[in-house]
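Engineer: Contents of protein_26.cif (mmCIF, C-alpha atoms) are below:
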data_work
loop_
_atom_site.label_atom_id
_atom_site.label_comp_id
_atom_site.auth_asym_id
_atom_site.auth_seq_id
_atom_site.Cartn_x
_atom_site.Cartn_y
_atom_site.Cartn_z
CA MET A 207 9.48 14.31 -18.88
CA MET A 208 9.48 14.19 -22.67
CA PHE A 209 7.21 11.37 -23.83
CA SER A 210 7.64 12.22 -27.51
CA SER A 211 11.11 10.63 -27.43
CA TYR A 212 9.57 7.16 -27.06
CA ASN A 213 9.05 5.43 -30.40
CA TYR A 214 5.65 3.74 -30.04
CA SER A 215 2.56 3.63 -32.21
CA LYS A 216 -0.49 5.67 -31.18
CA LYS A 217 -2.24 2.47 -30.06
CA GLU A 218 0.68 1.39 -27.88
CA MET A 219 1.08 4.85 -26.37
CA LEU A 220 -2.65 4.98 -25.64
CA GLY A 221 -2.29 1.68 -23.78
CA PHE A 222 0.54 3.14 -21.69
CA LEU A 223 -1.53 6.25 -20.94
CA VAL A 224 -4.58 4.29 -19.81
CA VAL A 225 -2.77 1.73 -17.67
CA CYS A 226 -0.56 4.37 -16.01
CA ALA A 227 -3.56 6.62 -15.29
CA ILE A 228 -5.54 3.99 -13.38
CA LEU A 229 -3.57 3.94 -10.11
CA PRO A 230 -3.17 7.75 -9.80
CA LEU A 231 -6.87 8.14 -10.62
CA TYR A 232 -7.70 5.75 -7.80
CA PHE A 233 -5.75 8.05 -5.47
CA SER A 234 -7.76 11.05 -6.65
CA MET A 235 -11.10 12.69 -5.95
CA PHE A 236 -12.71 11.41 -9.16
CA ARG A 237 -15.33 9.23 -7.45
CA TYR A 238 -19.09 9.57 -7.62
CA GLY A 239 -22.04 8.16 -5.69
CA VAL A 240 -24.50 6.43 -8.01
CA ALA A 241 -27.57 4.57 -6.65
CA GLY A 242 -25.91 4.10 -3.28
CA ALA A 243 -22.67 2.77 -4.79
CA LEU A 244 -19.29 4.50 -5.08
CA ILE A 245 -18.15 4.61 -8.70
CA ARG A 246 -14.52 5.50 -9.39
CA LEU A 247 -13.27 6.68 -12.77
CA SER A 248 -10.27 4.38 -12.26
CA ASP A 249 -12.54 1.32 -11.98
CA LEU A 250 -14.34 2.24 -15.20
CA LEU A 251 -10.99 2.65 -16.97
CA LEU A 252 -9.76 -0.69 -15.65
CA LEU A 253 -12.99 -2.42 -16.70
CA SER A 254 -12.57 -1.02 -20.22
CA LEU A 255 -8.92 -2.07 -20.30
CA VAL A 256 -9.69 -5.61 -19.13
CA SER A 257 -12.44 -5.95 -21.75
CA PHE A 258 -10.11 -4.68 -24.47
CA LYS A 259 -7.33 -7.09 -23.43
CA LEU A 260 -9.71 -10.04 -23.33
CA ILE A 261 -10.63 -9.34 -26.96
CA THR A 262 -7.24 -8.35 -28.39
CA THR A 263 -4.49 -10.00 -26.30
CA PRO A 264 -6.03 -12.60 -23.95
CA LYS A 265 -2.59 -14.21 -23.47
CA VAL A 266 -1.72 -11.45 -21.02
CA PHE A 267 -3.95 -13.20 -18.49
CA TYR A 268 -1.71 -16.28 -18.62
CA ASN A 269 0.40 -14.26 -16.19
CA PHE A 270 -2.10 -15.20 -13.49
CA ALA A 271 -0.26 -18.54 -13.46
CA GLN A 272 3.18 -17.03 -12.86
CA ILE A 273 5.14 -18.77 -10.10
CA ARG A 274 5.35 -15.60 -8.03
CA ILE A 275 1.54 -15.15 -8.16
CA LEU A 276 0.53 -18.77 -7.48
CA PRO A 277 1.00 -18.46 -3.67
CA LEU A 278 -1.36 -15.50 -3.78
CA TRP A 279 -4.12 -17.75 -5.15
CA PHE A 280 -3.48 -20.04 -2.20
CA TYR A 281 -3.96 -17.02 0.08
CA ILE A 282 -7.23 -16.14 -1.70
CA SER A 283 -8.40 -19.74 -1.27
CA TYR A 284 -7.60 -19.46 2.43
CA ILE A 285 -9.83 -16.35 2.68
CA LEU A 286 -12.71 -18.39 1.22
CA PHE A 287 -12.01 -21.24 3.66
CA ASN A 288 -11.88 -18.72 6.48
CA GLY A 289 -15.29 -17.43 5.42
CA LEU A 290 -16.73 -20.95 5.61
CA TYR A 291 -15.09 -21.54 9.00
CA ASN A 292 -16.43 -18.26 10.45
CA ASP A 293 -19.82 -18.59 8.72
CA ASN A 294 -19.07 -15.38 6.84
CA ILE A 295 -18.73 -16.52 3.24
CA ALA A 296 -20.47 -13.51 1.62
CA ALA A 297 -17.96 -11.03 3.07
CA SER A 298 -15.08 -13.36 2.16
CA ILE A 299 -16.24 -13.55 -1.47
CA LYS A 300 -16.44 -9.75 -1.58
CA GLU A 301 -12.89 -9.51 -0.19
CA CYS A 302 -11.62 -12.03 -2.76
CA ILE A 303 -13.25 -10.12 -5.63
CA GLN A 304 -11.52 -6.92 -4.50
CA LEU A 305 -8.18 -8.70 -4.26
CA VAL A 306 -8.57 -10.36 -7.68
CA TRP A 307 -9.45 -6.96 -9.15
CA VAL A 308 -6.22 -5.51 -7.71
CA VAL A 309 -4.19 -8.48 -9.01
CA THR A 310 -5.79 -8.09 -12.46
CA TYR A 311 -4.70 -4.47 -12.67
CA PHE A 312 -1.12 -5.20 -11.68
CA VAL A 313 -0.87 -8.19 -14.02
CA ILE A 314 -1.77 -5.93 -16.95
CA ALA A 315 0.34 -3.02 -15.65
CA SER A 316 3.39 -5.24 -15.21
CA GLU A 317 3.32 -6.14 -18.90
CA TYR A 318 3.61 -2.48 -19.84
CA ALA A 319 6.27 -1.82 -17.16
CA LYS A 320 8.36 -4.73 -18.49
CA LYS A 321 8.07 -3.30 -22.01
CA ASN A 322 9.43 0.11 -20.95
CA SER A 323 9.98 0.66 -17.23
CA LYS A 324 11.14 4.27 -17.54
CA LEU A 325 8.15 5.34 -19.62
CA PHE A 326 5.81 3.58 -17.18
CA LEU A 327 7.44 5.38 -14.24
CA ASP A 328 7.38 8.76 -16.00
CA LEU A 329 3.70 8.46 -16.90
CA THR A 330 2.74 7.29 -13.42
CA ILE A 331 4.51 10.30 -11.92
CA ALA A 332 2.83 12.63 -14.44
CA PHE A 333 -0.66 11.37 -13.54
CA LEU A 334 0.13 11.52 -9.82
CA ILE A 335 1.08 15.19 -10.31
CA LEU A 336 -2.29 15.83 -11.97
CA SER A 337 -4.12 13.96 -9.21
CA ALA A 338 -2.33 15.84 -6.43
CA LEU A 339 -2.76 19.19 -8.21
CA TYR A 340 -6.51 18.67 -8.57
CA THR A 341 -6.83 17.81 -4.86
CA VAL A 342 -4.89 20.94 -3.86
CA LEU A 343 -6.89 23.25 -6.15
CA TYR A 344 -10.20 21.74 -5.01
CA HIS A 345 -9.40 22.37 -1.34
CA PHE A 346 -8.00 25.82 -2.08
CA SER A 347 -11.33 26.69 -3.73
CA LEU A 348 -13.04 25.82 -0.43
CA GLY A 349 -10.56 27.86 1.58
CA HIS A 350 -8.78 24.79 2.99
CA LEU A 351 -5.07 25.47 2.59
CA THR A 352 -3.93 22.47 4.66
CA ARG A 353 -5.19 19.07 5.88
CA TYR A 354 -7.12 17.92 2.82
CA LYS A 355 -9.75 15.86 4.65
CA SER A 356 -12.20 15.82 1.74
CA ALA A 357 -9.66 13.95 -0.39
CA ASN A 358 -10.26 10.55 1.31
CA ASP A 359 -8.01 8.08 -0.57
CA GLY A 360 -6.75 10.97 -2.71
CA LYS A 361 -4.43 12.11 0.08
CA TYR A 362 -2.23 9.03 -0.47
CA ALA A 363 -1.13 10.45 -3.84
CA PHE A 364 1.08 13.07 -2.18
CA GLY A 365 3.41 10.63 -0.40
CA LEU A 366 3.54 8.26 -3.37
CA LEU A 367 4.37 11.12 -5.75
CA SER A 368 7.24 12.42 -3.60
CA LEU A 369 8.57 8.89 -3.12
CA LEU A 370 8.65 8.00 -6.84
CA LEU A 371 10.29 11.32 -7.69
CA LEU A 372 12.95 10.70 -5.05
CA LEU A 373 13.63 7.14 -6.21
CA LYS A 374 13.71 8.15 -9.88
CA SER A 375 16.20 10.94 -9.16
CA SER A 376 18.39 8.40 -7.37
CA MET A 377 18.16 5.69 -10.04
CA PHE A 378 19.10 7.96 -12.94
CA ASN A 379 21.12 10.55 -11.00
CA ASP A 380 18.57 13.07 -12.33
CA LYS A 381 19.04 16.50 -10.73
CA ARG A 382 16.00 17.93 -12.50
CA THR A 383 13.75 15.24 -11.03
CA PHE A 384 15.27 15.86 -7.59
CA LYS A 385 14.26 19.53 -7.85
CA VAL A 386 10.70 18.43 -8.68
CA PHE A 387 10.87 16.12 -5.64
CA LEU A 388 11.78 19.09 -3.43
CA LEU A 389 8.81 21.02 -4.84
CA SER A 390 6.50 18.04 -4.22
CA LEU A 391 7.32 18.23 -0.52
CA ILE A 392 5.35 21.50 -0.28
CA PRO A 393 1.91 19.96 -0.99
CA LEU A 394 2.91 16.81 0.91
CA PHE A 395 3.53 18.79 4.10
CA MET A 396 0.50 21.01 3.46
CA SER A 397 -1.68 17.89 3.21
CA MET A 398 -0.48 16.94 6.72
CA GLU A 399 -0.72 13.29 5.67
CA ARG A 400 1.52 11.97 8.45
CA LYS A 401 2.10 8.44 7.17
CA GLY A 402 3.19 9.77 3.79
CA ILE A 403 5.45 12.41 5.36
CA PHE A 404 7.12 9.94 7.74
CA GLY A 405 7.41 7.33 4.98
CA VAL A 406 9.15 9.71 2.56
CA LEU A 407 11.50 10.99 5.29
CA LEU A 408 12.35 7.40 6.24
CA ILE A 409 13.21 6.48 2.65
CA PHE A 410 15.21 9.70 2.21
CA LEU A 411 17.37 8.80 5.24
CA LEU A 412 17.78 5.20 4.07
CA LEU A 413 18.71 6.42 0.60
CA LEU A 414 21.48 8.56 2.05
CA PHE A 415 22.76 5.43 3.76
CA ILE A 416 22.66 3.04 0.78
CA ARG A 417 23.53 5.53 -1.98
CA PRO A 418 27.30 4.85 -1.72
CA ILE A 419 26.60 1.13 -2.17
CA ARG A 420 27.27 0.22 -5.79
CA ALA A 421 27.88 -3.53 -5.62
CA LYS A 422 25.25 -6.12 -4.86
CA ALA A 423 25.47 -7.36 -1.27
CA SER A 424 26.64 -10.95 -0.89
CA ALA A 425 24.31 -13.66 0.39
CA GLY A 426 26.30 -13.71 3.65
CA GLU A 427 25.86 -9.95 4.10
CA VAL A 428 22.12 -10.22 3.47
CA LYS A 429 21.85 -13.01 6.08
CA LEU A 430 23.85 -10.91 8.53
CA ILE A 431 21.52 -7.93 8.01
CA PHE A 432 18.45 -10.15 8.45
CA VAL A 433 19.76 -11.86 11.61
CA SER A 434 20.89 -8.52 13.08
CA SER A 435 17.49 -6.93 12.41
CA LEU A 436 15.66 -9.91 13.93
CA THR A 437 17.95 -9.82 16.99
CA LEU A 438 17.33 -6.11 17.49
CA LEU A 439 13.57 -6.63 17.18
CA LEU A 440 13.50 -9.48 19.71
CA SER A 441 15.79 -7.54 22.05
CA ALA A 442 13.39 -4.59 21.93
CA PHE A 443 10.49 -6.86 22.93
CA TYR A 444 12.54 -8.26 25.83
CA PHE A 445 14.27 -5.17 27.24
CA PHE A 446 11.39 -2.72 26.76
CA ASP A 447 8.79 -5.17 28.14
CA ILE A 448 6.42 -4.72 25.19
CA GLN A 449 4.00 -7.29 26.60
CA GLY A 450 3.85 -5.44 29.93
CA PHE A 451 3.24 -2.17 28.07
CA ILE A 452 0.35 -3.73 26.11
CA ASP A 453 -1.19 -5.22 29.26
CA GLU A 454 -1.03 -1.82 30.96
CA LYS A 455 -2.71 -0.18 27.97
CA ILE A 456 -5.44 -2.84 27.99
CA TYR A 457 -6.08 -2.12 31.66
CA GLN A 458 -6.22 1.64 31.03
CA SER A 459 -8.66 1.14 28.16
CA ASN A 460 -11.27 0.08 30.73
CA PHE A 461 -11.38 3.70 31.89
CA LEU A 462 -11.56 5.37 28.46
CA ASP A 463 -13.40 8.70 28.41
CA GLU A 464 -15.40 8.26 25.19
CA SER A 465 -16.25 11.98 24.99
CA ILE A 466 -12.53 12.72 24.70
CA ALA A 467 -11.80 9.83 22.32
CA LEU A 468 -14.57 10.99 20.00
CA TYR A 469 -12.78 14.26 19.25
CA THR A 470 -9.14 13.28 19.86
CA SER A 471 -7.81 11.17 17.00
CA ASN A 472 -4.69 9.88 18.75
CA VAL A 473 -6.63 8.70 21.83
CA HIS A 474 -9.26 7.01 19.65
CA ARG A 475 -6.79 5.26 17.35
CA GLU A 476 -4.64 4.02 20.24
CA ASN A 477 -7.74 2.54 21.83
CA LEU A 478 -8.76 0.88 18.56
CA LEU A 479 -5.32 -0.78 18.40
CA ILE A 480 -5.60 -2.03 21.98
CA ASN A 481 -9.08 -3.43 21.37
CA ALA A 482 -7.87 -5.14 18.19
CA ILE A 483 -5.08 -6.83 20.18
CA GLN A 484 -7.68 -8.13 22.64
CA ILE A 485 -9.75 -9.56 19.76
CA ILE A 486 -6.61 -11.21 18.36
CA LYS A 487 -5.83 -12.80 21.72
CA SER A 488 -9.27 -14.42 21.70
CA ASN A 489 -9.01 -15.57 18.06
CA PRO A 490 -5.27 -16.01 17.37
CA LEU A 491 -5.15 -18.64 14.60
CA LEU A 492 -8.06 -18.12 12.19
CA GLY A 493 -9.38 -14.72 13.23
CA VAL A 494 -13.00 -13.60 13.16
CA GLY A 495 -13.56 -13.37 9.39
CA SER A 496 -13.73 -10.66 6.71
CA ASP A 497 -15.31 -7.33 7.72
CA GLN A 498 -16.17 -8.64 11.19
CA ILE A 499 -13.91 -6.40 13.24
CA VAL A 500 -16.51 -3.64 13.59
CA TYR A 501 -19.02 -6.10 15.09
CA TYR A 502 -16.49 -7.20 17.70
CA MET A 503 -15.69 -3.55 18.47
CA PHE A 504 -19.26 -3.15 19.72
CA ASP A 505 -18.12 -4.90 22.92
CA TYR A 506 -15.76 -2.03 23.74
CA TYR A 507 -17.81 1.13 23.20
CA TRP A 508 -21.09 2.67 24.27
CA ASP A 509 -20.90 5.37 21.59
CA GLU A 510 -21.27 3.67 18.19
CA ARG A 511 -19.49 6.58 16.47
CA LEU A 512 -16.22 5.27 17.91
CA ILE A 513 -16.59 1.82 16.33
CA ASN A 514 -14.07 1.25 13.54
CA GLY A 515 -11.27 -1.01 12.39
CA ALA A 516 -7.78 -0.97 13.87
CA HIS A 517 -6.40 1.47 11.25
CA ASN A 518 -3.42 -0.84 10.98
CA PHE A 519 -3.23 -3.19 8.00
CA TYR A 520 -1.33 -5.93 9.83
CA LEU A 521 -3.52 -5.90 12.95
CA ASP A 522 -6.64 -5.80 10.76
CA MET A 523 -5.35 -8.85 8.88
CA LEU A 524 -4.66 -10.65 12.19
CA VAL A 525 -8.15 -9.84 13.45
CA GLN A 526 -9.81 -10.99 10.22
CA TYR A 527 -7.70 -13.99 9.18
CA GLY A 528 -5.61 -14.81 12.25
CA GLY A 529 -1.97 -15.76 12.43
CA VAL A 530 -2.41 -18.28 9.61
CA GLY A 531 -3.64 -15.66 7.14
CA LEU A 532 -1.04 -13.04 8.00
CA THR A 533 1.76 -15.64 7.90
CA LEU A 534 0.68 -16.72 4.40
CA LEU A 535 0.65 -13.11 3.18
CA ILE A 536 3.98 -12.09 4.75
CA SER A 537 5.68 -15.33 3.60
CA TRP A 538 4.63 -14.62 0.02
CA SER A 539 5.84 -11.01 0.37
CA LEU A 540 9.28 -12.09 1.61
CA TYR A 541 9.47 -14.65 -1.22
CA CYS A 542 8.81 -11.88 -3.77
CA ILE A 543 11.50 -9.66 -2.23
CA TYR A 544 14.02 -12.50 -2.27
CA SER A 545 13.16 -13.41 -5.88
CA CYS A 546 13.77 -9.82 -7.01
CA TYR A 547 17.04 -9.70 -5.09
CA ALA A 548 18.24 -13.05 -6.46
CA SER A 549 17.40 -12.07 -10.05
CA ASN A 550 19.82 -9.12 -9.94
CA ARG A 551 17.59 -7.33 -12.48
CA TYR A 552 16.41 -4.38 -10.41
CA HIS A 553 17.70 -1.07 -9.14
CA LYS A 554 18.36 -1.07 -5.40
CA GLU A 555 15.66 1.62 -5.06
CA LEU A 556 13.04 -1.12 -5.52
CA PHE A 557 13.85 -2.41 -2.04
CA LEU A 558 13.28 1.07 -0.62
CA PHE A 559 9.93 1.03 -2.40
CA TYR A 560 9.15 -2.24 -0.59
CA ILE A 561 10.01 -0.62 2.74
CA TYR A 562 7.82 2.44 2.05
CA CYS A 563 4.76 0.44 1.05
CA MET A 564 5.10 -2.00 3.95
CA PHE A 565 5.60 0.94 6.34
CA VAL A 566 2.72 3.24 5.38
CA VAL A 567 0.07 0.47 5.47
CA THR A 568 0.86 0.14 9.19
CA PHE A 569 -1.25 3.28 9.58
CA MET A 570 -3.96 2.55 6.99
CA ALA A 571 -7.39 0.99 7.45
CA VAL A 572 -8.33 -2.06 5.41
CA GLY A 573 -9.87 -1.43 2.00
CA GLN A 574 -8.99 -1.32 -1.67
CA ALA A 575 -6.61 1.63 -1.19
CA VAL A 576 -4.43 -0.27 1.28
CA MET A 577 -4.45 -3.30 -1.04
CA LEU A 578 -3.16 -1.18 -3.92
CA VAL A 579 -0.38 0.34 -1.81
CA PHE A 580 0.70 -2.95 -0.22
CA PHE A 581 0.64 -5.10 -3.36
CA MET A 582 2.10 -2.48 -5.73
CA PRO A 583 5.82 -3.35 -5.31
CA PHE A 584 5.19 -7.09 -5.09
CA LEU A 585 3.00 -7.43 -8.19
CA ASN A 586 4.66 -4.75 -10.32
CA PRO A 587 8.35 -4.35 -9.43
CA TYR A 588 9.15 -3.74 -13.10
CA MET A 589 9.14 0.06 -12.78
CA PHE A 590 12.57 -0.49 -11.23
CA LEU A 591 14.07 -2.80 -13.85
CA ASN A 592 17.76 -2.19 -14.39
CA HIS A 593 18.46 -2.46 -18.13
CA ASP A 594 22.22 -1.91 -17.81
#
Show me the file's structure as structure tokens.

Structural biologist:
Amino acid sequence: MMFSSYNYSKKEMLGFLVVCAILPLYFSMFRYGVAGALIRLSDLLLLSLVSFKLITTPKVFYNFAQIRILPLWFYISYILFNGLYNDNIAASIKECIQLVWVVTYFVIASEYAKKNSKLFLDLTIAFLILSALYTVLYHFSLGHLTRYKSANDGKYAFGLLSLLLLLKSSMFNDKRTFKVFLLSLIPLFMSMERKGIFGVLLIFLLLLFIRPIRAKASAGEVKLIFVSSLTLLLSAFYFFDIQGFIDEKIYQSNFLDESIALYTSNVHRENLLINAIQIIKSNPLLGVGSDQIVYYMFDYYWDERLINGAHNFYLDMLVQYGGVGLTLLISWSLYCIYSCYASNRYHKELFLFYIYCMFVVTFMAVGQAVMLVFFMPFLNPYMFLNHD
């Protein structure tokens, strides 16, 4: 990656460096506890960037009124309404502030990505390499060669790094980048971050399937793919008796051995999912409100150490905001995907990026990290602009 070939002033290049460093720094170990609060270097950088933009180029914030972002403000308004309905307005305001902070970053980042998508992608990859390298060296210094548990959100950098390297190598037919991708698989597998590993393998297989496709699929072909996928999904629910399987799991959860669940991750997480489904059944439309899932989990455990969220973004959203909230969010997401497809401005790898981000959050707990991963392709698809 040779950044010197880009003809930008020092001020412009500094802007690229700062904005591209923020996301990788969030998925790093550069976080510090100060007076009971968790301070991230990425948040301090973003705060500085926002302040600078407000003074120098405030017009960038007009992008908050873009057509593709307007439905998101409706979703944020719904979260506030949900807080009033569930008498939980303080937690809803906190959730909205987090979401607005994420939107603010991607609004600024998208301006830089539109200016030069390849430079933005190269810099993001470079900072992800630094983030992942620091995490590996830190754990090596402690004698931990695998399973980097101390990394917290930093472990998500490994999957994202491998993914972007793979997609870049495909977009530009770049053999050198593909070799770096193969090298990046070593720390990815050593991290034992399962969602990242499975996500990258999924995209690799899909890429092998779509790589021969050069022409844009017709509207009829897209409809056929959508209808076929929906038919397969509904058939799976019918023939495999998904509802019966869930009911059986709910019944078995009544006999959970908490001493085993406490030290067996798979048993614990499966039980959290089943309990979340039971909460959803009791509150299907509007949910129980922001950050309330842990209080409802008290009904299912004697040992408070087992109380947690569902560790599934979509189920957590259903628990918190009900079917109405999740429908609003998914509808907006599908609208963004369709808009990018209809514009014919993007490399096909963008749609693999959508699939990866929507897949890995299935195994992530709610929080700012999952927001960044989920909203990344929807709010900043410009890394994949096709300038040909």

Engineer: Let me know the residues the PyMOL selection byres ((chain A and resi 511-524) around 7) catches in the file above, as a list in words.

Structural biologist: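 Applying the expression gives Leu468, Leu478, Leu479, Ala482, Ile486, Gly493, Ile499, Val500, Met503, Phe504, Tyr507, Asp509, Glu510, Val525, Gln526, Tyr527, Gly528, Gly529, Leu532, Val567, Thr568, Phe569, Met570, Ala571 and Val572 of chain A.
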
Engineer: Please write the residues from the selection above to a file, keeping C-alpha atoms, as a tab-separated table (two decimals), in the frame of the given file.

Structural biologist:
chain	number	residue	atom	x	y	z
A	468	LEU	CA	-14.57	10.99	20.00
A	478	LEU	CA	-8.76	0.88	18.56
A	479	LEU	CA	-5.32	-0.78	18.40
A	482	ALA	CA	-7.87	-5.14	18.19
A	486	ILE	CA	-6.61	-11.21	18.36
A	493	GLY	CA	-9.38	-14.72	13.23
A	499	ILE	CA	-13.91	-6.40	13.24
A	500	VAL	CA	-16.51	-3.64	13.59
A	503	MET	CA	-15.69	-3.55	18.47
A	504	PHE	CA	-19.26	-3.15	19.72
A	507	TYR	CA	-17.81	1.13	23.20
A	509	ASP	CA	-20.90	5.37	21.59
A	510	GLU	CA	-21.27	3.67	18.19
A	525	VAL	CA	-8.15	-9.84	13.45
A	526	GLN	CA	-9.81	-10.99	10.22
A	527	TYR	CA	-7.70	-13.99	9.18
A	528	GLY	CA	-5.61	-14.81	12.25
A	529	GLY	CA	-1.97	-15.76	12.43
A	532	LEU	CA	-1.04	-13.04	8.00
A	567	VAL	CA	0.07	0.47	5.47
A	568	THR	CA	0.86	0.14	9.19
A	569	PHE	CA	-1.25	3.28	9.58
A	570	MET	CA	-3.96	2.55	6.99
A	571	ALA	CA	-7.39	0.99	7.45
A	572	VAL	CA	-8.33	-2.06	5.41

Engineer: Would you list the residues near (-7.4, -19.6, -4.3) (no more than 12 Å away, in the coordinates of the file, using only C-alpha atoms) as a list in words?

Structural biologist: Phe270, Ala271, Ile275, Leu276, Pro277, Leu278, Trp279, Phe280, Tyr281, Ile282, Ser283, Tyr284, Ile285, Leu286, Phe287, Asn288, Ser298, Ile299, Cys302, Ile303, Leu305 and Val306 of chain A

Engineer: Considering only C-alpha atoms, return as a PyMOL selection string whatever protein or nucleic-acid residues lie within 12 Å of region 348-362 of chain A, sequence-local ones (same chain, fewer than 6 positions apart) excluded.

Structural biologist: chain A and resi 229-237+246+334-342+368-369+392-403+405-406+563+566-567+569-579

Engineer: Would you put the residues from that selection into a file with C-alpha atoms, as a PDB file, in the coordinates of the input?

Structural biologist:
ATOM      1  CA  LEU A 229      -3.570   3.940 -10.110  1.00  0.00           C
ATOM      2  CA  PRO A 230      -3.170   7.750  -9.800  1.00  0.00           C
ATOM      3  CA  LEU A 231      -6.870   8.140 -10.620  1.00  0.00           C
ATOM      4  CA  TYR A 232      -7.700   5.750  -7.800  1.00  0.00           C
ATOM      5  CA  PHE A 233      -5.750   8.050  -5.470  1.00  0.00           C
ATOM      6  CA  SER A 234      -7.760  11.050  -6.650  1.00  0.00           C
ATOM      7  CA  MET A 235     -11.100  12.690  -5.950  1.00  0.00           C
ATOM      8  CA  PHE A 236     -12.710  11.410  -9.160  1.00  0.00           C
ATOM      9  CA  ARG A 237     -15.330   9.230  -7.450  1.00  0.00           C
ATOM     10  CA  ARG A 246     -14.520   5.500  -9.390  1.00  0.00           C
ATOM     11  CA  LEU A 334       0.130  11.520  -9.820  1.00  0.00           C
ATOM     12  CA  ILE A 335       1.080  15.190 -10.310  1.00  0.00           C
ATOM     13  CA  LEU A 336      -2.290  15.830 -11.970  1.00  0.00           C
ATOM     14  CA  SER A 337      -4.120  13.960  -9.210  1.00  0.00           C
ATOM     15  CA  ALA A 338      -2.330  15.840  -6.430  1.00  0.00           C
ATOM     16  CA  LEU A 339      -2.760  19.190  -8.210  1.00  0.00           C
ATOM     17  CA  TYR A 340      -6.510  18.670  -8.570  1.00  0.00           C
ATOM     18  CA  THR A 341      -6.830  17.810  -4.860  1.00  0.00           C
ATOM     19  CA  VAL A 342      -4.890  20.940  -3.860  1.00  0.00           C
ATOM     20  CA  SER A 368       7.240  12.420  -3.600  1.00  0.00           C
ATOM     21  CA  LEU A 369       8.570   8.890  -3.120  1.00  0.00           C
ATOM     22  CA  ILE A 392       5.350  21.500  -0.280  1.00  0.00           C
ATOM     23  CA  PRO A 393       1.910  19.960  -0.990  1.00  0.00           C
ATOM     24  CA  LEU A 394       2.910  16.810   0.910  1.00  0.00           C
ATOM     25  CA  PHE A 395       3.530  18.790   4.100  1.00  0.00           C
ATOM     26  CA  MET A 396       0.500  21.010   3.460  1.00  0.00           C
ATOM     27  CA  SER A 397      -1.680  17.890   3.210  1.00  0.00           C
ATOM     28  CA  MET A 398      -0.480  16.940   6.720  1.00  0.00           C
ATOM     29  CA  GLU A 399      -0.720  13.290   5.670  1.00  0.00           C
ATOM     30  CA  ARG A 400       1.520  11.970   8.450  1.00  0.00           C
ATOM     31  CA  LYS A 401       2.100   8.440   7.170  1.00  0.00           C
ATOM     32  CA  GLY A 402       3.190   9.770   3.790  1.00  0.00           C
ATOM     33  CA  ILE A 403       5.450  12.410   5.360  1.00  0.00           C
ATOM     34  CA  GLY A 405       7.410   7.330   4.980  1.00  0.00           C
ATOM     35  CA  VAL A 406       9.150   9.710   2.560  1.00  0.00           C
ATOM     36  CA  CYS A 563       4.760   0.440   1.050  1.00  0.00           C
ATOM     37  CA  VAL A 566       2.720   3.240   5.380  1.00  0.00           C
ATOM     38  CA  VAL A 567       0.070   0.470   5.470  1.00  0.00           C
ATOM     39  CA  PHE A 569      -1.250   3.280   9.580  1.00  0.00           C
ATOM     40  CA  MET A 570      -3.960   2.550   6.990  1.00  0.00           C
ATOM     41  CA  ALA A 571      -7.390   0.990   7.450  1.00  0.00           C
ATOM     42  CA  VAL A 572      -8.330  -2.060   5.410  1.00  0.00           C
ATOM     43  CA  GLY A 573      -9.870  -1.430   2.000  1.00  0.00           C
ATOM     44  CA  GLN A 574      -8.990  -1.320  -1.670  1.00  0.00           C
ATOM     45  CA  ALA A 575      -6.610   1.630  -1.190  1.00  0.00           C
ATOM     46  CA  VAL A 576      -4.430  -0.270   1.280  1.00  0.00           C
ATOM     47  CA  MET A 577      -4.450  -3.300  -1.040  1.00  0.00           C
ATOM     48  CA  LEU A 578      -3.160  -1.180  -3.920  1.00  0.00           C
ATOM     49  CA  VAL A 579      -0.380   0.340  -1.810  1.00  0.00           C
TER      50      VAL A 579
END

Engineer: Take the PyMOL selection byres ((chain A and resi 582) around 10), apply it to the structure above, and return the hits as a ChimeraX atom specification.

Structural biologist: /A:229,308-309,311-312,316,559-560,563,576-581,583-587

Engineer: Would you compute the distance between CA of Met377 (chain A) and CA of Glu218 (chain A)? Give it in Å to one decimal.

Structural biologist: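 Those two atoms sit 25.3 Å apart.
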
Engineer: For region 244-257 of chain A, what centre and edge lengths in Å (one decimal) does the axis-aligned box get once 8 Å is added on each side of all its listed atoms, as AutoDock Vina command-line options?

Structural biologist:
--center_x -14.1 --center_y 0.4 --center_z -13.4 --size_x 26.4 --size_y 28.6 --size_z 32.7

Engineer: Could you tell me how far CA of Phe267 (chain A) sits from CA of His553 (chain A), in Å to one decimal place?

Structural biologist: 26.5 Å

Engineer: Please provide the set of residues having any atom within 10 Å of Leu462 (chain A), restricted to all atoms listed in the file, with same-chain residues fewer than 6 positions apart removed, written as a PDB file with C-alpha atoms, in the coordinates of the input.

Structural biologist:
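Result written to result.pdb:
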ATOM      1  CA  VAL A 473      -6.630   8.700  21.830  1.00  0.00           C
ATOM      2  CA  HIS A 474      -9.260   7.010  19.650  1.00  0.00           C
ATOM      3  CA  ASN A 477      -7.740   2.540  21.830  1.00  0.00           C
ATOM      4  CA  TYR A 506     -15.760  -2.030  23.740  1.00  0.00           C
ATOM      5  CA  TYR A 507     -17.810   1.130  23.200  1.00  0.00           C
TER       6      TYR A 507
END

Engineer: In the coordinates of the file, take the point (14.6, -9.8, -5.4) and a cut-off of 12 Å; then, counting all atoms listed in the file, name each qualifying protein, DNA or RNA residue as number ranges by chain.

Structural biologist: A: 274, 422-423, 425, 428, 539-558, 560, 583-584, 587-588, 590-591

Engineer: Which distance in Å separates CA of Ile485 (chain A) and CA of Tyr502 (chain A), to one decimal?

Structural biologist: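 That distance, rounded to one decimal, is 7.4 Å.
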
Engineer: Translate the PyMOL selection byres ((chain A and resi 251-264) around 9) into a concrete residue list for this structure, as a count of residues only.

Structural biologist: 17
